[in-house]
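Chemist: Dropping the structure in here first, questions after.
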Amino acid sequence: MAPEQKPDHEEEHFKPRGTVLIMVLFFFTIVALWGYVYLIMVSQGANTP
Amino acid sequence: MTAIATTTSVPPVAAAMPAKYVLSKSEKRFIGLQLLFATAALSIGSLFGPLQALEFSGLTIGGRDLYALFQPLLASYYQGLTLHGVLNALIWTTFFITGFFTLTVTYGLRRPLAYPKLGWLGFIMMVLGLLTAAVPILINEASVLYTFYPPLQANWAFYVGLVFVVVGSWVQGYGFYITYYRWRKEHPDVRTPLMAFGSLITMVMWQIATLGIAVEILTQLLPWSLGLLPGVDPQLNRTYFWFTGHPLVYFWLLPAYVSWYAMLPKQAGGKLFSDSLARFSFWMFLVLSTPLGFHHQFTDPGVPTIWKTIHAILTYAVAFPSLLTAFTVVASLEYAGRQRGGKGLLGWIPKLPWRDVSVTPQILAGVLFIFGGIGGITNASYNINLVIHNTTWVPGHFHLTVASATTLSFMGIAYWLVPHLTGRTLWAPKLALVQAWTWFVGMAIFSNGMHTLGLLGAPRRTPLGVAPYVPANWEPRLLQTAIGGTILFIGAYLFVTILVVTVLRKPAPANLVPQIPEAESIQDPQLTPAWLDRWAPWLTIAILLIILVYGPNLFYQISNMQNTSPGFRLW
């Protein structure tokens, strides 16, 4: 049997808070840029039958 | 084995894996040759990028447009665009990837290829294919762009050449599979090393996806170009093409992901945040890369709306593993930055090794890819796609994928890989950093210009510099695109120059030559659930999903095939 290895405590509990913030910003950027093209679609007559 | 995943102990490993594997001289030569062909293709293909971009600006010399200056060597905008697309999007990428995967499979599994001659056979087929396809393109007999949509008809040699390139890459893949099979027999309980794992999944995905263009060329385009078929069915051919065409994007991207997951964390001074998330992402790409090609055909009248909708939904689904990748890679970088003393929410970013010539290009590639991903979600949206369909938005988008996430990452990889293979140190590393930033800035300017032009309605695949209908509000963006394209050209040739001079340098002492970076995971990979290292369920789901969402409509299109369209040559 190989000796039991335990991950370093600090590593085990590493919380990527900065990454979560970046992902939230990324989400809002997606919404903003997608919404911008959506508004262009509407302004180009998407409501016209 | 499943129970192991729920414990914190590491299971016994059936047979110990060597800590490292030293590539033999012949392996280095084999990989190096593939990179040589890749870089040569990039250097030639990149010649035509600025020509297109400058043509957009309406620049003339002596009253003649730029293409006129190159006649008779270059007959038209479309010949230049074909050379640019085929050499940069198909040849640079495919040769780099097969070379890189030879390294990731052998080093990852710590063993040589089971049949090196099979690898060489595949490579020789790719070279023969490249030469066979290049001749008709160079003599203006195949100016059909890299999508080669019929009824545009190229010389038969173009199609034969493409078949050889693709089949050659398959043959190299077979060598990887046999090598993996033998490794697996010896290590039944060991998690597949991540760099080999990602490479193998990518190659399997590629072999499934390229069935589309294989069938297209062998049953339609080749017999048609040889006069054996009176005509072809353009709708069916577009469906075949996009069966391959969208997963082709993932064939470009996933090798970059292999580096981002399995190498970059080590290069940045940290560890991979989650081995499980990395593996899950790769499986998701295997499952979801192919069954979504109809989102490229939203305006095709021959595809029913229901199938377009299903493919649109699946296109959103494939954004999920991309988001997982973004999270895991950024978290790995955050871990590295914090190991290097970074504090606060974002204080770890400046602590990353921004002076590392391999790390910086890959991070910048990821930054550009953020916007490529956002544009991709817009492309996938059924209604909104109509705003940007067949506009310059689309090449603006895919320059953020293949020419940014992929190419800039490959440049970063080359900055350690070429010195490693040749036993040299990189020439002018500071210039290499300048090169990466040059590419980043050039692409930001170029791509923004192309996207904005697309929103203004500018058509793609069009020499806008001579178009009589260009409104005044396009002109600043056309100029922006020209400036960005010129900066990219400088970036491309800086890259090629750095590599050429590096190869020509004297050999360096072994301790100065970069080694292959292999990232550890924060959690031991042996703790990753076994089902994330099993092929059968994922492969079954992938094939079933393709049958479900492509099968009925493909069956209908084949059953109602109308080979009535003659070939057209509009150049």
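In the structure tokens, chains take letters A, B, ... by order of appearance, with residues numbered from 1 within each chain and ligands from 1 in the order shown.
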Residues of chain B that approach chain A to 9 Å or less, counting only C-alpha atoms: could you list each one with the shortest pair of atoms and its distance in Å to one decimal, rows by chain and increasing residue number, as JSON lines?
Modeler:
```
{"residue": "B:Thr8", "atom": "CA", "partner": "A:Lys6", "partner_atom": "CA", "distance": 6.8}
{"residue": "B:Ser9", "atom": "CA", "partner": "A:Glu4", "partner_atom": "CA", "distance": 5.5}
{"residue": "B:Val10", "atom": "CA", "partner": "A:Glu4", "partner_atom": "CA", "distance": 5.9}
{"residue": "B:Pro11", "atom": "CA", "partner": "A:Ala2", "partner_atom": "CA", "distance": 7.3}
{"residue": "B:Pro12", "atom": "CA", "partner": "A:Ala2", "partner_atom": "CA", "distance": 5.2}
{"residue": "B:Val13", "atom": "CA", "partner": "A:Ala2", "partner_atom": "CA", "distance": 7.5}
{"residue": "B:Phe273", "atom": "CA", "partner": "A:Phe14", "partner_atom": "CA", "distance": 8.8}
{"residue": "B:Leu323", "atom": "CA", "partner": "A:Met23", "partner_atom": "CA", "distance": 8.5}
{"residue": "B:Ala326", "atom": "CA", "partner": "A:Met23", "partner_atom": "CA", "distance": 8.1}
{"residue": "B:Phe327", "atom": "CA", "partner": "A:Thr19", "partner_atom": "CA", "distance": 6.6}
{"residue": "B:Thr328", "atom": "CA", "partner": "A:Thr19", "partner_atom": "CA", "distance": 8.6}
{"residue": "B:Val330", "atom": "CA", "partner": "A:Thr19", "partner_atom": "CA", "distance": 6.0}
{"residue": "B:Ala331", "atom": "CA", "partner": "A:Thr19", "partner_atom": "CA", "distance": 5.5}
{"residue": "B:Ser332", "atom": "CA", "partner": "A:Pro16", "partner_atom": "CA", "distance": 8.4}
{"residue": "B:Leu333", "atom": "CA", "partner": "A:Thr19", "partner_atom": "CA", "distance": 8.9}
{"residue": "B:Glu334", "atom": "CA", "partner": "A:Pro16", "partner_atom": "CA", "distance": 6.6}
{"residue": "B:Tyr335", "atom": "CA", "partner": "A:Pro16", "partner_atom": "CA", "distance": 7.3}
{"residue": "B:Gly344", "atom": "CA", "partner": "A:Gly18", "partner_atom": "CA", "distance": 7.9}
{"residue": "B:Leu345", "atom": "CA", "partner": "A:Gly18", "partner_atom": "CA", "distance": 4.6}
{"residue": "B:Leu346", "atom": "CA", "partner": "A:Gly18", "partner_atom": "CA", "distance": 5.4}
{"residue": "B:Gly347", "atom": "CA", "partner": "A:Gly18", "partner_atom": "CA", "distance": 8.6}
{"residue": "B:Trp348", "atom": "CA", "partner": "A:Gly18", "partner_atom": "CA", "distance": 8.3}
{"residue": "B:Ile370", "atom": "CA", "partner": "A:Phe26", "partner_atom": "CA", "distance": 7.8}
{"residue": "B:Phe371", "atom": "CA", "partner": "A:Ile30", "partner_atom": "CA", "distance": 8.5}
{"residue": "B:Gly373", "atom": "CA", "partner": "A:Ile30", "partner_atom": "CA", "distance": 8.7}
{"residue": "B:Ile374", "atom": "CA", "partner": "A:Ile30", "partner_atom": "CA", "distance": 5.5}
{"residue": "B:Gly375", "atom": "CA", "partner": "A:Trp34", "partner_atom": "CA", "distance": 7.8}
{"residue": "B:Ile377", "atom": "CA", "partner": "A:Trp34", "partner_atom": "CA", "distance": 7.7}
{"residue": "B:Thr378", "atom": "CA", "partner": "A:Trp34", "partner_atom": "CA", "distance": 6.0}
{"residue": "B:Asn383", "atom": "CA", "partner": "A:Met41", "partner_atom": "CA", "distance": 8.3}
{"residue": "B:Ile384", "atom": "CA", "partner": "A:Tyr38", "partner_atom": "CA", "distance": 6.2}
{"residue": "B:Leu386", "atom": "CA", "partner": "A:Met41", "partner_atom": "CA", "distance": 8.1}
{"residue": "B:Val387", "atom": "CA", "partner": "A:Met41", "partner_atom": "CA", "distance": 6.0}
{"residue": "B:Ile388", "atom": "CA", "partner": "A:Val37", "partner_atom": "CA", "distance": 8.8}
{"residue": "B:Leu455", "atom": "CA", "partner": "A:Val37", "partner_atom": "CA", "distance": 7.8}
{"residue": "B:Ile522", "atom": "CA", "partner": "A:Glu11", "partner_atom": "CA", "distance": 6.3}
{"residue": "B:Gln523", "atom": "CA", "partner": "A:Pro7", "partner_atom": "CA", "distance": 6.5}
{"residue": "B:Asp524", "atom": "CA", "partner": "A:Pro7", "partner_atom": "CA", "distance": 7.7}
```
Chemist: Hey, can you spit out that residue selection with N, CA and C atoms as a CSV table (one decimal), in the first residue's frame?
Modeler:
```
chain,number,residue,atom,x,y,z
B,8,THR,N,-10.4,10.8,1.2
B,8,THR,CA,-9.3,11.8,1.0
B,8,THR,C,-8.0,11.0,0.8
B,9,SER,N,-8.0,9.7,0.9
B,9,SER,CA,-6.7,9.0,0.7
B,9,SER,C,-6.4,8.8,-0.7
B,10,VAL,N,-5.2,8.6,-1.0
B,10,VAL,CA,-4.8,8.3,-2.4
B,10,VAL,C,-4.7,6.8,-2.6
B,11,PRO,N,-5.4,6.3,-3.6
B,11,PRO,CA,-5.3,4.8,-3.8
B,11,PRO,C,-4.0,4.3,-4.2
B,12,PRO,N,-3.7,3.1,-4.0
B,12,PRO,CA,-2.4,2.6,-4.5
B,12,PRO,C,-2.4,2.6,-6.0
B,13,VAL,N,-1.2,2.9,-6.6
B,13,VAL,CA,-1.1,3.0,-8.0
B,13,VAL,C,-0.5,1.6,-8.5
B,273,PHE,N,-6.2,24.0,-10.6
B,273,PHE,CA,-7.2,24.1,-9.5
B,273,PHE,C,-8.0,22.9,-9.3
B,323,LEU,N,-17.1,27.9,-20.3
B,323,LEU,CA,-17.1,28.6,-19.0
B,323,LEU,C,-16.4,27.9,-17.9
B,326,ALA,N,-12.8,28.5,-18.4
B,326,ALA,CA,-12.4,29.9,-18.0
B,326,ALA,C,-12.3,29.9,-16.5
B,327,PHE,N,-13.3,29.3,-15.8
B,327,PHE,CA,-13.2,29.3,-14.3
B,327,PHE,C,-12.0,28.6,-13.8
B,328,THR,N,-11.7,27.4,-14.3
B,328,THR,CA,-10.7,26.5,-13.8
B,328,THR,C,-9.3,27.1,-14.1
B,330,VAL,N,-8.6,30.3,-14.8
B,330,VAL,CA,-8.3,31.6,-14.1
B,330,VAL,C,-8.1,31.2,-12.6
B,331,ALA,N,-8.8,30.3,-12.0
B,331,ALA,CA,-8.6,29.9,-10.6
B,331,ALA,C,-7.2,29.3,-10.4
B,332,SER,N,-6.7,28.6,-11.4
B,332,SER,CA,-5.3,28.1,-11.3
B,332,SER,C,-4.3,29.2,-11.4
B,333,LEU,N,-4.6,30.2,-12.2
B,333,LEU,CA,-3.7,31.4,-12.3
B,333,LEU,C,-3.8,32.2,-10.9
B,334,GLU,N,-5.0,32.3,-10.4
B,334,GLU,CA,-5.2,33.0,-9.1
B,334,GLU,C,-4.4,32.2,-8.0
B,335,TYR,N,-4.4,30.9,-8.0
B,335,TYR,CA,-3.6,30.2,-7.1
B,335,TYR,C,-2.1,30.5,-7.2
B,344,GLY,N,-5.5,40.3,-1.7
B,344,GLY,CA,-6.7,41.0,-2.1
B,344,GLY,C,-7.4,40.2,-3.2
B,345,LEU,N,-8.6,40.8,-3.7
B,345,LEU,CA,-9.4,40.1,-4.6
B,345,LEU,C,-8.7,39.9,-6.0
B,346,LEU,N,-8.0,41.0,-6.4
B,346,LEU,CA,-7.4,40.9,-7.8
B,346,LEU,C,-5.9,41.2,-7.7
B,347,GLY,N,-5.4,41.3,-6.5
B,347,GLY,CA,-3.9,41.6,-6.3
B,347,GLY,C,-3.0,40.5,-6.9
B,348,TRP,N,-3.5,39.4,-7.1
B,348,TRP,CA,-2.7,38.3,-7.6
B,348,TRP,C,-2.4,38.4,-9.1
B,370,ILE,N,-12.2,35.7,-24.3
B,370,ILE,CA,-13.4,36.1,-23.6
B,370,ILE,C,-14.4,36.7,-24.6
B,371,PHE,N,-13.8,37.6,-25.4
B,371,PHE,CA,-14.7,38.3,-26.4
B,371,PHE,C,-15.1,37.4,-27.5
B,373,GLY,N,-15.8,34.3,-27.1
B,373,GLY,CA,-16.9,33.5,-26.5
B,373,GLY,C,-18.2,34.3,-26.5
B,374,ILE,N,-18.1,35.5,-26.2
B,374,ILE,CA,-19.3,36.4,-26.2
B,374,ILE,C,-19.9,36.5,-27.6
B,375,GLY,N,-19.0,36.7,-28.5
B,375,GLY,CA,-19.5,36.8,-29.9
B,375,GLY,C,-20.1,35.5,-30.4
B,377,ILE,N,-21.8,33.4,-28.5
B,377,ILE,CA,-23.1,33.3,-28.0
B,377,ILE,C,-24.1,34.1,-28.9
B,378,THR,N,-23.6,35.2,-29.3
B,378,THR,CA,-24.5,36.0,-30.2
B,378,THR,C,-24.7,35.2,-31.5
B,383,ASN,N,-32.3,34.3,-33.7
B,383,ASN,CA,-32.8,35.6,-34.3
B,383,ASN,C,-31.7,36.6,-34.5
B,384,ILE,N,-30.9,36.8,-33.4
B,384,ILE,CA,-29.9,37.8,-33.4
B,384,ILE,C,-28.8,37.5,-34.5
B,386,LEU,N,-29.2,36.8,-37.3
B,386,LEU,CA,-29.6,37.4,-38.6
B,386,LEU,C,-29.0,38.8,-38.8
B,387,VAL,N,-28.7,39.4,-37.7
B,387,VAL,CA,-28.1,40.8,-37.7
B,387,VAL,C,-26.7,40.7,-38.3
B,388,ILE,N,-26.0,39.6,-37.9
B,388,ILE,CA,-24.5,39.6,-38.2
B,388,ILE,C,-24.2,38.5,-39.2
B,455,LEU,N,-21.8,44.8,-37.7
B,455,LEU,CA,-23.0,45.4,-37.1
B,455,LEU,C,-23.6,46.5,-38.0
B,522,ILE,N,-4.0,20.5,-7.6
B,522,ILE,CA,-4.0,20.7,-6.1
B,522,ILE,C,-4.5,19.4,-5.5
B,523,GLN,N,-5.5,18.8,-6.1
B,523,GLN,CA,-5.9,17.5,-5.5
B,523,GLN,C,-5.3,16.4,-6.4
B,524,ASP,N,-4.8,15.3,-5.7
B,524,ASP,CA,-4.1,14.3,-6.5
B,524,ASP,C,-5.1,13.7,-7.5
```
Chemist: Can you tell me, as a PyMOL selection string, what residues are no more than 7 Å from range 171-180 of chain B when counting only C-alpha atoms, ignoring any on the same chain fewer than 5 positions away?
Modeler: chain B and resi 105+113-115+118-119+122+203
Chemist: For the residues in the current selection, export C-alpha atoms as an mmCIF file, in the first residue's frame.
Modeler:
```cif
data_model
loop_
_atom_site.group_PDB
_atom_site.id
_atom_site.type_symbol
_atom_site.label_atom_id
_atom_site.label_comp_id
_atom_site.auth_asym_id
_atom_site.auth_seq_id
_atom_site.Cartn_x
_atom_site.Cartn_y
_atom_site.Cartn_z
ATOM 1 C CA VAL B 105 0.967 11.833 -25.576
ATOM 2 C CA LEU B 113 4.837 6.047 -29.571
ATOM 3 C CA ALA B 114 3.961 2.368 -30.019
ATOM 4 C CA TYR B 115 4.521 2.636 -33.762
ATOM 5 C CA LEU B 118 2.727 5.121 -38.180
ATOM 6 C CA GLY B 119 3.310 8.674 -37.034
ATOM 7 C CA GLY B 122 0.585 10.117 -41.188
ATOM 8 C CA MET B 203 -8.111 13.556 -31.548
#
```
Chemist: Residues near range 559-563 of chain B, anyone? I mean within 10 Å using only C-alpha atoms, not counting same-chain ones fewer than 3 positions away, as a list in words.
Modeler: Gln220, Trp224, Leu229, Pro230, Gly231, Val232, Asp233, Pro234, Gln235, Leu236, Asn553, Leu554, Phe555, Tyr556 and Pro566 of chain B
Chemist: Only C-alpha atoms, please: the residues just picked out, written as an mmCIF file, in the first residue's frame.
Modeler:
```cif
data_model
loop_
_atom_site.group_PDB
_atom_site.id
_atom_site.type_symbol
_atom_site.label_atom_id
_atom_site.label_comp_id
_atom_site.auth_asym_id
_atom_site.auth_seq_id
_atom_site.Cartn_x
_atom_site.Cartn_y
_atom_site.Cartn_z
ATOM 1 C CA GLN B 220 -19.674 14.564 -53.939
ATOM 2 C CA TRP B 224 -17.928 16.022 -59.383
ATOM 3 C CA LEU B 229 -20.995 13.395 -61.301
ATOM 4 C CA PRO B 230 -22.989 15.864 -63.422
ATOM 5 C CA GLY B 231 -23.689 18.110 -60.458
ATOM 6 C CA VAL B 232 -23.855 18.311 -56.671
ATOM 7 C CA ASP B 233 -26.387 19.228 -54.033
ATOM 8 C CA PRO B 234 -25.095 22.459 -52.426
ATOM 9 C CA GLN B 235 -27.458 22.215 -49.434
ATOM 10 C CA LEU B 236 -26.328 18.708 -48.557
ATOM 11 C CA ASN B 553 -32.404 15.538 -41.233
ATOM 12 C CA LEU B 554 -29.253 14.116 -42.763
ATOM 13 C CA PHE B 555 -31.225 11.020 -43.773
ATOM 14 C CA TYR B 556 -33.869 13.254 -45.338
ATOM 15 C CA PRO B 566 -23.063 22.408 -62.130
#
```
